[in-house]
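Accompanying notes for the structure given below.
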Protein chains: 12
Amino acid sequence: MMRILILNGPNLNLLGTREPEIYGSETLADIDVYCLKIGKELGADMSSAQSNHEGELVDLIQKAIGECDGIIINAGAYTHTSVAIHDALRAFPGKVIELHISNPHQRESFRHKSFIAPLADAVILGLGTEGYELAIKAMIDSLKTI
Amino acid sequence: MMRILILNGPNLNLLGTREPEIYGSETLADIDVYCLKIGKELGADMSSAQSNHEGELVDLIQKAIGECDGIIINAGAYTHTSVAIHDALRAFPGKVIELHISNPHQRESFRHKSFIAPLADAVILGLGTEGYELAIKAMIDSLKTI
Amino acid sequence: MMRILILNGPNLNLLGTREPEIYGSETLADIDVYCLKIGKELGADMSSAQSNHEGELVDLIQKAIGECDGIIINAGAYTHTSVAIHDALRAFPGKVIELHISNPHQRESFRHKSFIAPLADAVILGLGTEGYELAIKAMIDSLKTI
Amino acid sequence: MMRILILNGPNLNLLGTREPEIYGSETLADIDVYCLKIGKELGADMSSAQSNHEGELVDLIQKAIGECDGIIINAGAYTHTSVAIHDALRAFPGKVIELHISNPHQRESFRHKSFIAPLADAVILGLGTEGYELAIKAMIDSLKTI
Amino acid sequence: MMRILILNGPNLNLLGTREPEIYGSETLADIDVYCLKIGKELGADMSSAQSNHEGELVDLIQKAIGECDGIIINAGAYTHTSVAIHDALRAFPGKVIELHISNPHQRESFRHKSFIAPLADAVILGLGTEGYELAIKAMIDSLKTI
Amino acid sequence: MMRILILNGPNLNLLGTREPEIYGSETLADIDVYCLKIGKELGADMSSAQSNHEGELVDLIQKAIGECDGIIINAGAYTHTSVAIHDALRAFPGKVIELHISNPHQRESFRHKSFIAPLADAVILGLGTEGYELAIKAMIDSLKTI
Amino acid sequence: MMRILILNGPNLNLLGTREPEIYGSETLADIDVYCLKIGKELGADMSSAQSNHEGELVDLIQKAIGECDGIIINAGAYTHTSVAIHDALRAFPGKVIELHISNPHQRESFRHKSFIAPLADAVILGLGTEGYELAIKAMIDSLKTI
Amino acid sequence: MMRILILNGPNLNLLGTREPEIYGSETLADIDVYCLKIGKELGADMSSAQSNHEGELVDLIQKAIGECDGIIINAGAYTHTSVAIHDALRAFPGKVIELHISNPHQRESFRHKSFIAPLADAVILGLGTEGYELAIKAMIDSLKTI
Amino acid sequence: MMRILILNGPNLNLLGTREPEIYGSETLADIDVYCLKIGKELGADMSSAQSNHEGELVDLIQKAIGECDGIIINAGAYTHTSVAIHDALRAFPGKVIELHISNPHQRESFRHKSFIAPLADAVILGLGTEGYELAIKAMIDSLKTI
Amino acid sequence: MMRILILNGPNLNLLGTREPEIYGSETLADIDVYCLKIGKELGADMSSAQSNHEGELVDLIQKAIGECDGIIINAGAYTHTSVAIHDALRAFPGKVIELHISNPHQRESFRHKSFIAPLADAVILGLGTEGYELAIKAMIDSLKTI
Amino acid sequence: MMRILILNGPNLNLLGTREPEIYGSETLADIDVYCLKIGKELGADMSSAQSNHEGELVDLIQKAIGECDGIIINAGAYTHTSVAIHDALRAFPGKVIELHISNPHQRESFRHKSFIAPLADAVILGLGTEGYELAIKAMIDSLKTI
Amino acid sequence: MMRILILNGPNLNLLGTREPEIYGSETLADIDVYCLKIGKELGADMSSAQSNHEGELVDLIQKAIGECDGIIINAGAYTHTSVAIHDALRAFPGKVIELHISNPHQRESFRHKSFIAPLADAVILGLGTEGYELAIKAMIDSLKTI
């Protein structure tokens, strides 16, 4: 049974509570429940975590080594600044999908650089909270073909 | 009934015939058939086109104005250089999804810049030829919510 | 009798049909008729062409060698990217006026660079579709003084 | 009755006295007389001023607030360096046309940057001293359409 | 009653214990007591926190949403590197004042960039520990005028 | 008795007459009166000046040598371009506080660079016209501690 | 029998008709005849094509896959801008020689960058139209050693 | 008796478990034991710590003030991004040696910049896990000469 | 009889009154007297002027056209920012020597760029106030050889 | 009789002894013999030299003034760094051909810049040691046409 | 028996004679004697050389091919500019350790770039003249493990 | 008796033999004789040297330590590239004057950077071969004032 970790970075715990016109009205808890359900239906063992701490995200990725087959990561602001998360993902032997709810290329130029992308097998941007569903399906398809 | 155009740029007509270990063994014709089938099942009216010519891609996007509700575009090399395609997409009132079969962020730095991304509602990178299926589903979901 | 070519680049065929609040409600056909009339009154032999294809614009400039005394060029998006058009204009022995309907310096920074300007005798920006009239008059004045 | 200010920046008082092969043999006084005449014919109330002082140009623009409907400005060298003139023009509620006698894009690269252009409704470059006539006509046309 | 959070970033807990000739001899505890007193006199409900952890500063800003009307933030070194704190402040609906004890523009060039400044209503630099008093007064004045 | 000069740069004489929603409705004269009053109450000998001329600001700073103990300077647009004012301030032996009514870091990137800041003891940004009051108080406090 | 394609890009059809002091008086037709003759003598099957269209050059390179053993390409202006031609050459399994009649390093800096060079086995610059003869000989030598 | 702190940053807890061909097969625990032994033999009081958290590394450096005479720091990924650790080391009055197991100059260019190096008395790169032994000896030698 | 203008820019009127250890104790008046004497001895008609105003320096250079054979200019801070003075010097038909009392290459990097140097026949840096004497001699020698 | 100098720069004396799969198995002595023979057959007086010393290469180029009609130079690493060799070639009145055995554009980016190219009549890259033969022939052809 | 070459670059022959407070009072001769002794004790055959000439350093590295097992190189100023030494080291099949007596990252920014580092197995900076001892030990350890 | 060394760099031995319209017709030998004579008259002990070798220039500067009181250096092309000469001059305790016969700021941009200038007490550019005379006089004046 495939094991998939959904990892959300800084400020994503605010989802659904602020600027719903941009980020939608679903909370991170809604998304977690939703992902769990989708994963279950598709036969995957889902887990999820969120942290505002760069170091904690590193810890979580390290912990996923040997425990998970794939990580779907929305590293939020750390996407653009964190070499530490980059290095942790480099040590992770499974599949990695980078995800952003909105499309960072439509925002400030400092959001156009991603330290996650060079280590991601795939990248999904701007599909809103529904991007998580697609990422799970893509991850499962991708893991099947190994 | 939703109308979706799949637009492929330069050198994508070579798909399946070269470097299958990178781009898979499916040809562009296979993908077109496949997309047609998926679209049909989901109730969308699909069309597709490929061109190695920047100007022809501009023509095709212009023609899609009023005829299509969404464009899924893999602009290939023109992604990184074409302001003309950027402008044509700006004139297109429907939804736009940018797609790349591989993840350009793992290639040369001149492929990290996209003139399509600032105009794309969503971006899907590195999911192989299966990315087309996800893009169609995402496009249909997205058009439904308007 | 002076011969003047009006050359319009990519997406200018959409004039009058989209974003009239920015680009005015005149179509490119209207402008062509209008330019013809003005040129006629001022004793010039007018011709005009539009293309979304960089190569076609190169072809048209080459064809103008020996056939036209001046080119008024609105190269649209190719203004910012085309060394090929730059080279074709370099081979053109007549007068060149660069024209843009809106003022590119008020738009994205990638529109601040022009490959046409170093080869243009004059540049007219932001005068709307009326800029064509002024450009024709300026071209005729300029050709008279040779 | 429209009121239009012609504002000339540093070293333009030397016009006609130096390098006539580049800048023509008309002096600034000639141009002022010429502009006055054209404006009068077209029903506009013309005034003009020249200064080598950045601060005086700022003063003159401020003074034009409420007194003039449009400014035609050839800011000379300050075009490329003056944020102060930029700010004064930002405070001016009327129309602004930027003008240069020669085409700065054919000169040193430090002349390719303009602090005036982002605030100018239109830009006219390289039409020689005849550019002033076209600028006046364009200004009047533009003011009529408000 | 206005609620104001004083938030201090990395290494500010060392205040008063090192390099007193630069940073003064007041400790962070002294400043906290002092701020509390000033706030009280001016009728504001003060709280304060310090952390060396970027993620904890994000947590604290998030916690202030709904609990505080304004944040006075001296983000220390994270000022120059943290997009995560930038995003947290963007989500905070109250007033934000950025504060630094010394003037970063007199130090290394990597301290001239601030990710806090674009989100700060006001910025106070180089007033020493007395800057906190001015920031509190400015915050209270600013909140009164809403 | 402390002597403090309030020095305002280009276009600040327009304060209160344009864009009051951004810069407030107080005129520079109002601010001068207000500063005089505050200074008087706090026992300082106040003077003030405004100029649109870079050279005049240099003159005024030079004149303040030996006549003033501190300068509060809002150099407006010259903040970003003037090495001459930078050099004059370097020759001034008293205290210097840089002030801006709005926060330049929320405006165009050419306003993020300050030639004043490296020579300013303190910097106050974005506090509106009330920033002048805080600057006077901070200046007086700072002069007392010498 | 080796098959070699000579591919010429934009504006090279003007060879011999303009600026003969720089580019010589030989026309492209002369060169084609000349290359054919040389190739024949050396036992190679020669073909040649010229286009002003980036897309057509891509088409021609793709067509050469399986039909030609080597391409000698003078991509003209597209040398400096075309990722699409770069990608087509990447897909071409034979030998590639980049050729320019003049030496681009003696011209504008935007001609110093080549998107062809990283994919070219060899580069020949500045040998005039005689460079084609040397390129053919070098290509044949090179193909023999495979 | 000299007190030396060995401080390891993000992902160094994975040492010996991943990519042993690059980083060797020794675990961080092995290194800690080894360092303790060497330090003991040389008469130094050794301690060590590892963290994936930037803030925790700041905390640990602050704690070392007054408790340790020297710090040997392998800041891992934070080497290239952390101004906060830079500032903490600046506050540390003892000796600092920067250490990396591999040579970052043979990796991506973003690893060529070090925020630690300007504050390090010495730097040791690429000596593998044996670098720790040399760093301890060098630290002890260096502390003796004070 | 040769006529030479000594032109000094902003803040040079402070010479001798501030930082004598750097700039010497001679005042600008001393230098003027000294230059007059040297020029007289060498048979030159000397004049001198100083201004803190960029525009006034432009005025003075313009006035020197036809009145002076050479200008020795120490443009102070405007050296690094003034295109207007650059343009005025370009219009001046005589000899130009750029002079600085100290060596700007030993100061901040924004002083390494000179807009005067490309128009100066010679440049003399760092010879203190004695540089004026050498510049006069060099100017006279240079004028003799015309 | 034409006199041609073959000049080889640093590390080219190692040819044939190291990395033969890249640089071929021919030694520099082999190449010298080979060039001598080819030159002789074509009626040219050949000489050759190699040095690892930048200054010696300058000496050799200077010595060639008046003694040689053309220089074929493979400046090795000095290609990318030597202004001194650039200046020596500028003083050389004969023809210059730049040659590299491999194609530097396929190597590190610091090898993409050439100080030789702007002074070379022609450039030949990537043709292996056979490039020397082509260069000699091209040099002789070129010298004949003078 | 291992053979190790100590190679010192420009100005290192001045060691001990100038600025002893920075570089120590040991002369290069002292260091050579010292290194010889250490190497002897550890069973290595030591040689050393110093040159102010880039080309001579290239010669010496080339000579070490086949004669030495490792090079410890302090290339001094050539570290930051020499591609020729870089290329020579690339041809050297043994181990390479880069060494600097002081830490270049604490000096001017042009010293932060090293052309040696990408080819060095290890780098030792800032350990003073004692760094040579550590480098020899590290070299010997490293050669033993091959 | 003051001892002054005149040091000339690469290609300056060609003076007077090439491009006399730019560099004059005096040879380096003429200049040496001339400098000797001037120095003698002014009571200085003159020596001079020229080399095309960077390392030799370093040797000569080192030799001047203790033997000369001042160096007048025209480092030619090494001005723009040599950190080694920079370092040698840093070790030289006497006065240094940088000299160039023409004004490098009127040539290519790579000649605008000088590694000599930050270590030169004075800089003299563009005074032709007469600059040597002025430099000797300035050097002697400067040495007298120590």
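In the structure tokens, each chain is lettered A, B, ... as it comes, each chain's residues begin at 1, and ligands are numbered from 1 in order of appearance.
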
Using only C-alpha atoms, determine which residues lie at most 10 Å from range 18-34 of chain D, disregarding the query and same-chain residues fewer than 3 positions distant; provide the list as JSON, numbers by chain. {"D": [6, 8, 12, 13, 14, 15, 37, 38, 39, 40, 46, 47, 48, 49, 50, 101, 102, 126, 128, 129, 130, 132, 133], "I": [91, 92, 93]}

Which residues are near Thr79 in chain L? Cut-off 12 Å, only C-alpha atoms, ignore same chain within fewer than 4 positions. Put them as a short mmCIF file (atom, residue, chain, number, x, y, z; two decimals) with C-alpha atoms, in the first residue's frame.
data_model
loop_
_atom_site.label_atom_id
_atom_site.label_comp_id
_atom_site.auth_asym_id
_atom_site.auth_seq_id
_atom_site.Cartn_x
_atom_site.Cartn_y
_atom_site.Cartn_z
CA SER J 82 44.06 38.26 -21.19
CA VAL J 83 43.71 41.89 -22.14
CA ALA J 84 47.48 41.93 -22.68
CA ASN L 8 55.74 50.16 -17.77
CA GLY L 9 53.59 47.13 -18.54
CA PRO L 10 52.70 45.02 -21.57
CA GLU L 54 52.72 40.09 -15.10
CA LEU L 57 56.15 43.35 -12.89
CA ILE L 73 53.24 52.65 -12.90
CA ASN L 74 51.60 52.35 -16.29
CA ALA L 75 50.48 48.74 -16.01
CA VAL L 83 45.26 41.13 -8.62
CA ALA L 84 48.90 40.01 -8.34
CA ILE L 85 50.24 43.48 -9.17
CA HIS L 86 47.60 44.96 -6.85
CA LEU L 89 51.74 47.38 -4.70
CA GLU L 98 49.06 55.31 -11.75
CA LEU L 99 49.54 56.67 -15.26
CA HIS L 100 48.00 56.01 -18.66
CA PRO L 104 40.91 54.46 -20.75
CA PHE L 110 36.62 46.46 -19.73
CA ARG L 111 39.24 49.22 -19.50
CA HIS L 112 37.17 51.27 -17.04
CA LYS L 113 38.03 48.98 -14.13
CA SER L 114 41.47 49.46 -12.55
CA PHE L 115 43.04 47.15 -9.97
CA ILE L 116 45.82 49.74 -9.56
CA ALA L 117 43.67 52.77 -8.72
CA PRO L 118 42.58 51.68 -5.22
CA LEU L 119 46.27 51.50 -4.24
CA ALA L 120 47.43 54.61 -6.08
#

With only C-alpha atoms considered, list every residue of chain I at most 8 Å from chain F, as a list in words.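 Putting it all together, I get Pro10, Asn11, Arg18, Ser51, Asn52, His53, Glu54, Gly76, Ala77, Tyr78, His80 and Thr81 of chain I.
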
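From CA of Ile124 in chain K back to CA of Leu134 in chain H, the distance works out to 10.2 Å.
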